[in-house]
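Notes follow the structure.
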Amino acid sequence: RLEESLGCRLFTRGSRGVRLTVEGEALFSHVDSAFRSLNSGEQELKRLAAFETGTLVIGATETPLYHFLLPKLGRFQERYPHVALRVQGSSTWDTIQMLRSEQADVVLAVSPLSNVEDLSVTELSSFRDVFVAGPKFRALAGRRLTYGEIFRFPIVAVESGTSARGNLDAWFAEQGLTFQPNYSVRTSSTVIPFVEQGLAIGILPSLFAQGLLEREGFFELDTDPIPAREILLVHRDESRTSLLCQEFIRLLQG
(Lines give C-alpha, C1' and ligand atoms only; values in the text may rest on other atoms or scores of the structure.)
Protein backbone atom coordinates (compact mmCIF):
# COMPACT_ATOMS: atom_id res chain seq x y z
CA ARG A 1 0.00 0.00 0.00
CA LEU A 2 2.86 2.38 0.76
CA GLU A 3 4.45 1.62 -2.61
CA GLU A 4 1.14 2.29 -4.33
CA SER A 5 0.71 5.52 -2.42
CA LEU A 6 4.24 6.74 -3.21
CA GLY A 7 4.24 5.45 -6.78
CA CYS A 8 7.57 3.61 -6.54
CA ARG A 9 9.02 0.29 -5.38
CA LEU A 10 10.47 0.22 -1.90
CA PHE A 11 11.37 -3.51 -1.74
CA THR A 12 12.95 -6.01 -4.05
CA ARG A 13 11.31 -9.36 -3.36
CA GLY A 14 13.13 -12.64 -3.86
CA SER A 15 13.23 -16.25 -2.68
CA ARG A 16 15.38 -15.27 0.28
CA GLY A 17 13.06 -12.49 1.38
CA VAL A 18 13.07 -8.77 0.60
CA ARG A 19 15.61 -6.01 0.53
CA LEU A 20 15.25 -2.28 0.21
CA THR A 21 15.52 -0.53 -3.13
CA VAL A 22 17.43 2.72 -3.47
CA GLU A 23 14.13 4.55 -2.94
CA GLY A 24 13.37 2.32 0.04
CA GLU A 25 16.76 3.05 1.58
CA ALA A 26 16.12 6.80 1.18
CA LEU A 27 12.73 6.54 2.90
CA PHE A 28 14.05 4.24 5.63
CA SER A 29 16.77 6.71 6.65
CA HIS A 30 14.04 9.25 7.45
CA VAL A 31 11.67 6.73 9.02
CA ASP A 32 14.45 5.37 11.20
CA SER A 33 15.31 8.86 12.40
CA ALA A 34 11.63 9.59 13.10
CA PHE A 35 11.16 6.41 15.11
CA ARG A 36 14.33 7.07 17.10
CA SER A 37 13.05 10.57 17.89
CA LEU A 38 9.62 9.21 18.84
CA ASN A 39 11.19 6.60 21.12
CA SER A 40 13.36 9.25 22.72
CA GLY A 41 10.26 11.38 23.29
CA GLU A 42 8.41 8.45 24.87
CA GLN A 43 11.32 7.81 27.25
CA GLU A 44 11.49 11.49 28.19
CA LEU A 45 7.74 11.52 28.83
CA LYS A 46 8.04 8.50 31.11
CA ARG A 47 10.80 10.24 33.06
CA LEU A 48 8.67 13.37 33.37
CA ALA A 49 5.68 11.36 34.56
CA ALA A 50 7.88 9.65 37.16
CA PHE A 51 9.33 13.05 38.23
CA GLU A 52 12.84 11.88 37.31
CA THR A 53 13.45 15.07 35.35
CA GLY A 54 11.83 18.43 34.73
CA THR A 55 11.94 22.01 35.96
CA LEU A 56 9.52 23.75 38.30
CA VAL A 57 9.45 27.56 38.41
CA ILE A 58 7.99 29.08 41.58
CA GLY A 59 7.18 32.75 42.06
CA ALA A 60 6.94 33.96 45.66
CA THR A 61 6.61 37.17 47.62
CA GLU A 62 8.80 37.75 50.65
CA THR A 63 6.70 36.44 53.55
CA PRO A 64 5.66 33.06 52.05
CA LEU A 65 9.12 32.59 50.55
CA TYR A 66 10.97 32.75 53.86
CA HIS A 67 8.35 31.43 56.24
CA PHE A 68 6.41 28.81 54.29
CA LEU A 69 8.06 27.80 51.04
CA LEU A 70 11.65 27.01 51.98
CA PRO A 71 10.89 24.03 54.28
CA LYS A 72 8.53 22.63 51.64
CA LEU A 73 11.21 22.97 48.97
CA GLY A 74 13.57 20.88 51.07
CA ARG A 75 11.03 18.08 51.39
CA PHE A 76 10.22 18.17 47.67
CA GLN A 77 13.89 18.10 46.68
CA GLU A 78 14.53 15.11 48.94
CA ARG A 79 11.65 13.24 47.36
CA TYR A 80 12.48 14.20 43.75
CA PRO A 81 16.23 14.99 43.65
CA HIS A 82 16.43 15.12 39.84
CA VAL A 83 13.85 17.88 39.46
CA ALA A 84 15.30 21.37 39.00
CA LEU A 85 13.64 24.02 41.19
CA ARG A 86 13.80 27.71 40.30
CA VAL A 87 12.47 30.27 42.76
CA GLN A 88 11.88 33.87 41.72
CA GLY A 89 11.05 36.35 44.47
CA SER A 90 9.19 39.48 43.47
CA SER A 91 6.16 41.62 44.21
CA THR A 92 2.63 40.21 44.20
CA TRP A 93 1.78 41.88 40.90
CA ASP A 94 4.95 40.66 39.19
CA THR A 95 4.53 37.06 40.33
CA ILE A 96 0.91 36.96 39.14
CA GLN A 97 1.96 38.30 35.75
CA MET A 98 4.69 35.64 35.58
CA LEU A 99 2.03 33.01 36.20
CA ARG A 100 -0.29 34.37 33.51
CA SER A 101 2.52 34.55 30.95
CA GLU A 102 3.55 30.97 31.87
CA GLN A 103 6.94 32.13 33.12
CA ALA A 104 6.06 30.53 36.48
CA ASP A 105 4.24 27.29 37.26
CA VAL A 106 2.90 28.28 40.66
CA VAL A 107 2.92 31.38 42.88
CA LEU A 108 2.79 31.96 46.62
CA ALA A 109 1.44 35.35 47.63
CA VAL A 110 -0.28 37.06 50.54
CA SER A 111 -3.81 38.40 50.83
CA PRO A 112 -5.46 40.68 49.94
CA LEU A 113 -5.33 39.58 46.31
CA SER A 114 -7.60 41.08 43.65
CA ASN A 115 -8.33 40.54 39.94
CA VAL A 116 -7.35 36.86 39.95
CA GLU A 117 -10.69 35.38 38.86
CA ASP A 118 -8.91 33.59 36.00
CA LEU A 119 -6.65 31.70 38.42
CA SER A 120 -7.09 29.11 41.17
CA VAL A 121 -6.44 30.48 44.68
CA THR A 122 -6.12 28.37 47.85
CA GLU A 123 -5.42 29.48 51.43
CA LEU A 124 -2.41 27.70 52.96
CA SER A 125 -1.93 29.41 56.33
CA SER A 126 -2.51 32.71 58.11
CA PHE A 127 -0.58 35.26 60.17
CA ARG A 128 -0.99 38.75 61.64
CA ASP A 129 0.94 41.98 61.42
CA VAL A 130 2.19 43.07 64.84
CA PHE A 131 3.86 46.11 66.43
CA VAL A 132 7.38 45.27 67.67
CA ALA A 133 9.69 47.51 69.70
CA GLY A 134 13.10 47.31 71.31
CA PRO A 135 14.72 48.42 74.59
CA LYS A 136 14.46 52.13 73.74
CA PHE A 137 10.67 51.86 73.99
CA ARG A 138 10.58 49.63 77.08
CA ALA A 139 8.28 52.13 78.87
CA LEU A 140 5.51 50.88 76.53
CA ALA A 141 5.91 47.23 77.53
CA GLY A 142 2.98 45.76 79.41
CA ARG A 143 0.68 48.69 78.65
CA ARG A 144 -2.53 48.46 76.65
CA LEU A 145 -2.16 51.02 73.86
CA THR A 146 -4.42 52.52 71.23
CA TYR A 147 -3.20 52.97 67.67
CA GLY A 148 -3.25 56.73 68.24
CA GLU A 149 -0.92 56.40 71.22
CA ILE A 150 1.47 54.19 69.25
CA PHE A 151 1.53 56.61 66.33
CA ARG A 152 2.95 59.32 68.55
CA PHE A 153 6.22 57.42 68.33
CA PRO A 154 8.33 56.88 65.18
CA ILE A 155 7.02 54.00 63.05
CA VAL A 156 8.68 51.93 60.32
CA ALA A 157 6.67 49.86 57.84
CA VAL A 158 6.79 48.62 54.26
CA GLU A 159 6.41 51.21 51.54
CA SER A 160 3.29 52.17 49.59
CA GLY A 161 2.51 50.10 46.51
CA THR A 162 2.90 46.76 48.30
CA SER A 163 -0.07 44.58 49.20
CA ALA A 164 1.07 44.60 52.85
CA ARG A 165 1.06 48.38 53.01
CA GLY A 166 -2.28 48.57 51.21
CA ASN A 167 -3.74 46.29 53.87
CA LEU A 168 -2.36 48.48 56.67
CA ASP A 169 -3.57 51.71 55.07
CA ALA A 170 -7.07 50.28 54.63
CA TRP A 171 -7.26 48.93 58.19
CA PHE A 172 -6.11 52.12 59.90
CA ALA A 173 -8.42 54.18 57.67
CA GLU A 174 -11.31 52.06 58.97
CA GLN A 175 -10.23 53.12 62.46
CA GLY A 176 -10.35 56.77 61.41
CA LEU A 177 -6.57 57.12 61.25
CA THR A 178 -4.23 58.19 58.47
CA PHE A 179 -1.22 55.91 58.43
CA GLN A 180 1.98 57.88 57.77
CA PRO A 181 5.02 55.97 59.06
CA ASN A 182 8.22 57.90 59.66
CA TYR A 183 10.20 55.32 57.68
CA SER A 184 9.01 53.39 54.64
CA VAL A 185 11.12 50.45 53.45
CA ARG A 186 10.86 48.08 50.53
CA THR A 187 10.57 44.74 52.36
CA SER A 188 9.48 43.41 55.74
CA SER A 189 12.98 42.10 56.47
CA THR A 190 14.29 45.67 56.13
CA VAL A 191 12.00 46.78 58.95
CA ILE A 192 14.00 44.69 61.44
CA PRO A 193 17.26 46.76 61.46
CA PHE A 194 15.28 49.91 62.26
CA VAL A 195 13.76 48.16 65.28
CA GLU A 196 17.13 46.71 66.31
CA GLN A 197 18.72 50.17 66.26
CA GLY A 198 15.88 51.70 68.26
CA LEU A 199 14.98 54.09 65.45
CA ALA A 200 11.30 53.16 65.39
CA ILE A 201 8.53 50.79 66.35
CA GLY A 202 8.16 48.29 63.51
CA ILE A 203 5.06 46.78 61.96
CA LEU A 204 6.01 43.26 60.94
CA PRO A 205 4.33 40.02 59.92
CA SER A 206 4.31 37.85 63.03
CA LEU A 207 6.40 35.32 61.07
CA PHE A 208 9.24 37.86 60.75
CA ALA A 209 8.83 39.11 64.31
CA GLN A 210 9.35 35.72 65.98
CA GLY A 211 13.15 35.77 65.90
CA LEU A 212 13.29 39.36 67.12
CA LEU A 213 10.88 38.71 70.00
CA GLU A 214 13.05 35.86 71.26
CA ARG A 215 15.82 38.36 71.98
CA GLU A 216 16.13 40.16 75.31
CA GLY A 217 14.57 43.61 75.41
CA PHE A 218 12.32 43.21 72.36
CA PHE A 219 8.58 42.90 72.79
CA GLU A 220 5.24 43.03 71.01
CA LEU A 221 3.05 46.01 71.83
CA ASP A 222 -0.34 45.27 73.41
CA THR A 223 -3.00 46.77 71.16
CA ASP A 224 -6.04 45.82 69.12
CA PRO A 225 -5.03 43.07 66.67
CA ILE A 226 -4.65 43.89 63.01
CA PRO A 227 -6.83 41.46 60.96
CA ALA A 228 -5.09 38.28 59.87
CA ARG A 229 -3.78 37.80 56.36
CA GLU A 230 -3.43 34.54 54.45
CA ILE A 231 -0.58 32.93 52.55
CA LEU A 232 -2.13 32.00 49.22
CA LEU A 233 -1.31 29.37 46.64
CA VAL A 234 -2.06 30.61 43.11
CA HIS A 235 -1.90 28.55 39.92
CA ARG A 236 -3.53 28.03 36.55
CA ASP A 237 -6.37 25.52 36.17
CA GLU A 238 -5.44 21.83 36.16
CA SER A 239 -5.73 21.48 32.36
CA ARG A 240 -2.81 23.95 32.04
CA THR A 241 -0.77 22.55 34.92
CA SER A 242 1.94 19.91 34.50
CA LEU A 243 1.95 16.66 36.46
CA LEU A 244 5.06 17.90 38.23
CA CYS A 245 3.33 21.10 39.28
CA GLN A 246 0.27 19.17 40.45
CA GLU A 247 2.51 17.01 42.64
CA PHE A 248 4.14 20.12 44.11
CA ILE A 249 0.73 21.63 44.82
CA ARG A 250 -0.27 18.48 46.71
CA LEU A 251 2.85 18.77 48.85
CA LEU A 252 2.12 22.43 49.64
CA GLN A 253 -1.43 21.60 50.67
CA GLY A 254 -0.42 18.56 52.73
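Letters A, B, ... mark the chains of the C-alpha coordinates in the order given; residue numbers begin at 1 per chain; ligand numbers begin at 1, in order shown.
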Non-local contacts of Phe194 in chain A (12 Å; only C-alpha atoms; under 2 positions in same chain excluded) as an NGL selection string: :A and (132-134 or 136 or 154-158 or 182-185 or 188-192 or 196-204 or 212)
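Every protein, DNA or RNA residue with an atom at most 8 Å from range 85-90 of chain A, where only C-alpha atoms count and chain neighbours fewer than 2 positions away do not, is listed here: Thr55, Leu56, Val57, Ile58, Gly59, Ala60, Thr61, Glu62, Leu65, Val83, Thr92, Asp94 and Thr95 of chain A.
Note that the spacing between CA of Ser33 in chain A and CA of Leu45 in chain A amounts to 18.3 Å.
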Give the strand (DSSP E or B) residues of range 10-162 of chain A, as assigned by DSSP on the backbone, as a PyMOL selection string. chain A and resi 11-14+17-20+55-60+84-89+106-110+120-127+129-133+144+155-158
So that I can see what lies close to Arg100 in chain A, please list as a PDB file with N, CA, C and O atoms, in the first residue's frame the residues with an atom at most 10 Å from it, counting only C-alpha atoms and leaving out residues fewer than 4 positions away in the same chain.
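part_12.pdb written:
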```
ATOM      1  N   ASP A  94       4.003  41.273  40.122  1.00  0.00           N
ATOM      2  CA  ASP A  94       4.950  40.663  39.190  1.00  0.00           C
ATOM      3  C   ASP A  94       4.821  39.141  39.150  1.00  0.00           C
ATOM      4  O   ASP A  94       4.898  38.531  38.082  1.00  0.00           O
ATOM      5  N   THR A  95       4.634  38.523  40.316  1.00  0.00           N
ATOM      6  CA  THR A  95       4.529  37.062  40.332  1.00  0.00           C
ATOM      7  C   THR A  95       3.254  36.589  39.633  1.00  0.00           C
ATOM      8  O   THR A  95       3.269  35.582  38.935  1.00  0.00           O
ATOM      9  N   ILE A  96       2.159  37.330  39.806  1.00  0.00           N
ATOM     10  CA  ILE A  96       0.910  36.959  39.141  1.00  0.00           C
ATOM     11  C   ILE A  96       1.055  37.101  37.627  1.00  0.00           C
ATOM     12  O   ILE A  96       0.570  36.256  36.858  1.00  0.00           O
ATOM     13  N   ALA A 104       6.038  31.206  35.188  1.00  0.00           N
ATOM     14  CA  ALA A 104       6.064  30.526  36.476  1.00  0.00           C
ATOM     15  C   ALA A 104       4.975  29.463  36.467  1.00  0.00           C
ATOM     16  O   ALA A 104       3.944  29.620  35.815  1.00  0.00           O
ATOM     17  N   ASP A 105       5.214  28.377  37.191  1.00  0.00           N
ATOM     18  CA  ASP A 105       4.237  27.289  37.261  1.00  0.00           C
ATOM     19  C   ASP A 105       3.254  27.479  38.401  1.00  0.00           C
ATOM     20  O   ASP A 105       2.100  27.066  38.320  1.00  0.00           O
ATOM     21  N   VAL A 106       3.731  28.091  39.475  1.00  0.00           N
ATOM     22  CA  VAL A 106       2.897  28.279  40.662  1.00  0.00           C
ATOM     23  C   VAL A 106       3.430  29.495  41.417  1.00  0.00           C
ATOM     24  O   VAL A 106       4.604  29.837  41.311  1.00  0.00           O
ATOM     25  N   VAL A 116      -7.956  38.165  40.246  1.00  0.00           N
ATOM     26  CA  VAL A 116      -7.353  36.858  39.947  1.00  0.00           C
ATOM     27  C   VAL A 116      -8.441  35.822  39.676  1.00  0.00           C
ATOM     28  O   VAL A 116      -8.261  34.633  39.934  1.00  0.00           O
ATOM     29  N   ASP A 118      -9.317  34.552  37.019  1.00  0.00           N
ATOM     30  CA  ASP A 118      -8.914  33.589  36.001  1.00  0.00           C
ATOM     31  C   ASP A 118      -7.963  32.523  36.549  1.00  0.00           C
ATOM     32  O   ASP A 118      -7.566  31.619  35.813  1.00  0.00           O
ATOM     33  N   LEU A 119      -7.624  32.613  37.828  1.00  0.00           N
ATOM     34  CA  LEU A 119      -6.654  31.702  38.425  1.00  0.00           C
ATOM     35  C   LEU A 119      -7.265  30.970  39.620  1.00  0.00           C
ATOM     36  O   LEU A 119      -8.264  31.407  40.184  1.00  0.00           O
ATOM     37  N   HIS A 235      -2.372  29.291  41.100  1.00  0.00           N
ATOM     38  CA  HIS A 235      -1.896  28.551  39.922  1.00  0.00           C
ATOM     39  C   HIS A 235      -2.968  28.557  38.842  1.00  0.00           C
ATOM     40  O   HIS A 235      -4.123  28.938  39.082  1.00  0.00           O
ATOM     41  N   ARG A 236      -2.574  28.141  37.645  1.00  0.00           N
ATOM     42  CA  ARG A 236      -3.531  28.027  36.549  1.00  0.00           C
ATOM     43  C   ARG A 236      -4.410  26.796  36.776  1.00  0.00           C
ATOM     44  O   ARG A 236      -4.117  25.957  37.635  1.00  0.00           O
TER      45      ARG A 236
END
```
10 Å contact set for range 74-76 of chain A, only C-alpha atoms, chain neighbours under 2 positions out, as a ChimeraX atom specification: /A:69-72,78-81,83,85,247-248,251-252
Okay, now the selection with N, CA and C atoms, as a PDB file, in the first residue's frame?
```pdb
ATOM      1  N   LEU A  69       7.597  28.552  52.200  1.00  0.00           N
ATOM      2  CA  LEU A  69       8.057  27.801  51.037  1.00  0.00           C
ATOM      3  C   LEU A  69       9.343  27.025  51.271  1.00  0.00           C
ATOM      4  N   LEU A  70      10.336  27.635  51.896  1.00  0.00           N
ATOM      5  CA  LEU A  70      11.654  27.006  51.979  1.00  0.00           C
ATOM      6  C   LEU A  70      11.631  25.613  52.613  1.00  0.00           C
ATOM      7  N   PRO A  71      10.947  25.400  53.739  1.00  0.00           N
ATOM      8  CA  PRO A  71      10.891  24.029  54.279  1.00  0.00           C
ATOM      9  C   PRO A  71      10.225  23.042  53.323  1.00  0.00           C
ATOM     10  N   LYS A  72       9.215  23.497  52.600  1.00  0.00           N
ATOM     11  CA  LYS A  72       8.527  22.630  51.640  1.00  0.00           C
ATOM     12  C   LYS A  72       9.461  22.272  50.482  1.00  0.00           C
ATOM     13  N   GLU A  78      14.147  16.424  48.430  1.00  0.00           N
ATOM     14  CA  GLU A  78      14.532  15.107  48.937  1.00  0.00           C
ATOM     15  C   GLU A  78      13.759  14.001  48.240  1.00  0.00           C
ATOM     16  N   ARG A  79      12.497  14.258  47.975  1.00  0.00           N
ATOM     17  CA  ARG A  79      11.646  13.244  47.355  1.00  0.00           C
ATOM     18  C   ARG A  79      11.945  13.103  45.872  1.00  0.00           C
ATOM     19  N   TYR A  80      12.236  14.217  45.206  1.00  0.00           N
ATOM     20  CA  TYR A  80      12.485  14.203  43.754  1.00  0.00           C
ATOM     21  C   TYR A  80      13.794  14.937  43.460  1.00  0.00           C
ATOM     22  N   PRO A  81      14.938  14.305  43.742  1.00  0.00           N
ATOM     23  CA  PRO A  81      16.231  14.986  43.649  1.00  0.00           C
ATOM     24  C   PRO A  81      16.646  15.391  42.234  1.00  0.00           C
ATOM     25  N   VAL A  83      14.653  16.769  39.945  1.00  0.00           N
ATOM     26  CA  VAL A  83      13.850  17.883  39.459  1.00  0.00           C
ATOM     27  C   VAL A  83      14.568  19.197  39.780  1.00  0.00           C
ATOM     28  N   LEU A  85      14.556  23.043  40.606  1.00  0.00           N
ATOM     29  CA  LEU A  85      13.645  24.019  41.190  1.00  0.00           C
ATOM     30  C   LEU A  85      14.217  25.419  41.008  1.00  0.00           C
ATOM     31  N   GLU A 247       1.908  17.718  41.509  1.00  0.00           N
ATOM     32  CA  GLU A 247       2.514  17.013  42.640  1.00  0.00           C
ATOM     33  C   GLU A 247       3.043  18.010  43.667  1.00  0.00           C
ATOM     34  N   PHE A 248       3.629  19.100  43.205  1.00  0.00           N
ATOM     35  CA  PHE A 248       4.135  20.120  44.110  1.00  0.00           C
ATOM     36  C   PHE A 248       2.994  20.796  44.869  1.00  0.00           C
ATOM     37  N   LEU A 251       1.929  18.686  47.715  1.00  0.00           N
ATOM     38  CA  LEU A 251       2.848  18.771  48.847  1.00  0.00           C
ATOM     39  C   LEU A 251       2.602  20.056  49.642  1.00  0.00           C
ATOM     40  N   LEU A 252       2.370  21.166  48.956  1.00  0.00           N
ATOM     41  CA  LEU A 252       2.115  22.431  49.643  1.00  0.00           C
ATOM     42  C   LEU A 252       0.848  22.385  50.476  1.00  0.00           C
TER      43      LEU A 252
END
```
Point out the residue among A:Leu27, A:Leu113, A:Leu38, A:Ile249 with the least atom-to-atom distance to Asn167 in chain A, counting only C-alpha atoms.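 Of A:Leu27, A:Leu113, A:Leu38, A:Ile249, the one nearest Asn167 in chain A is A:Leu113, counting only C-alpha atoms.
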Which is closest to Gly7 in chain A among A:Gly24, A:Pro135, A:Gly254, A:Pro64, if we use only C-alpha atoms?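 For Gly7 in chain A, the nearest of the candidates is A:Gly24.
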Two-atom distance - CA of Ala49 in chain A, CA of Ala84 in chain A (Å):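 If I compute the distance from CA of Ala49 in chain A to CA of Ala84 in chain A, I get 14.6 Å.
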Neighbours of Thr12 in chain A within 12 Å (only C-alpha atoms; same-chain residues fewer than 5 positions away dropped), as a PyMOL selection string? chain A and resi 3+17-25
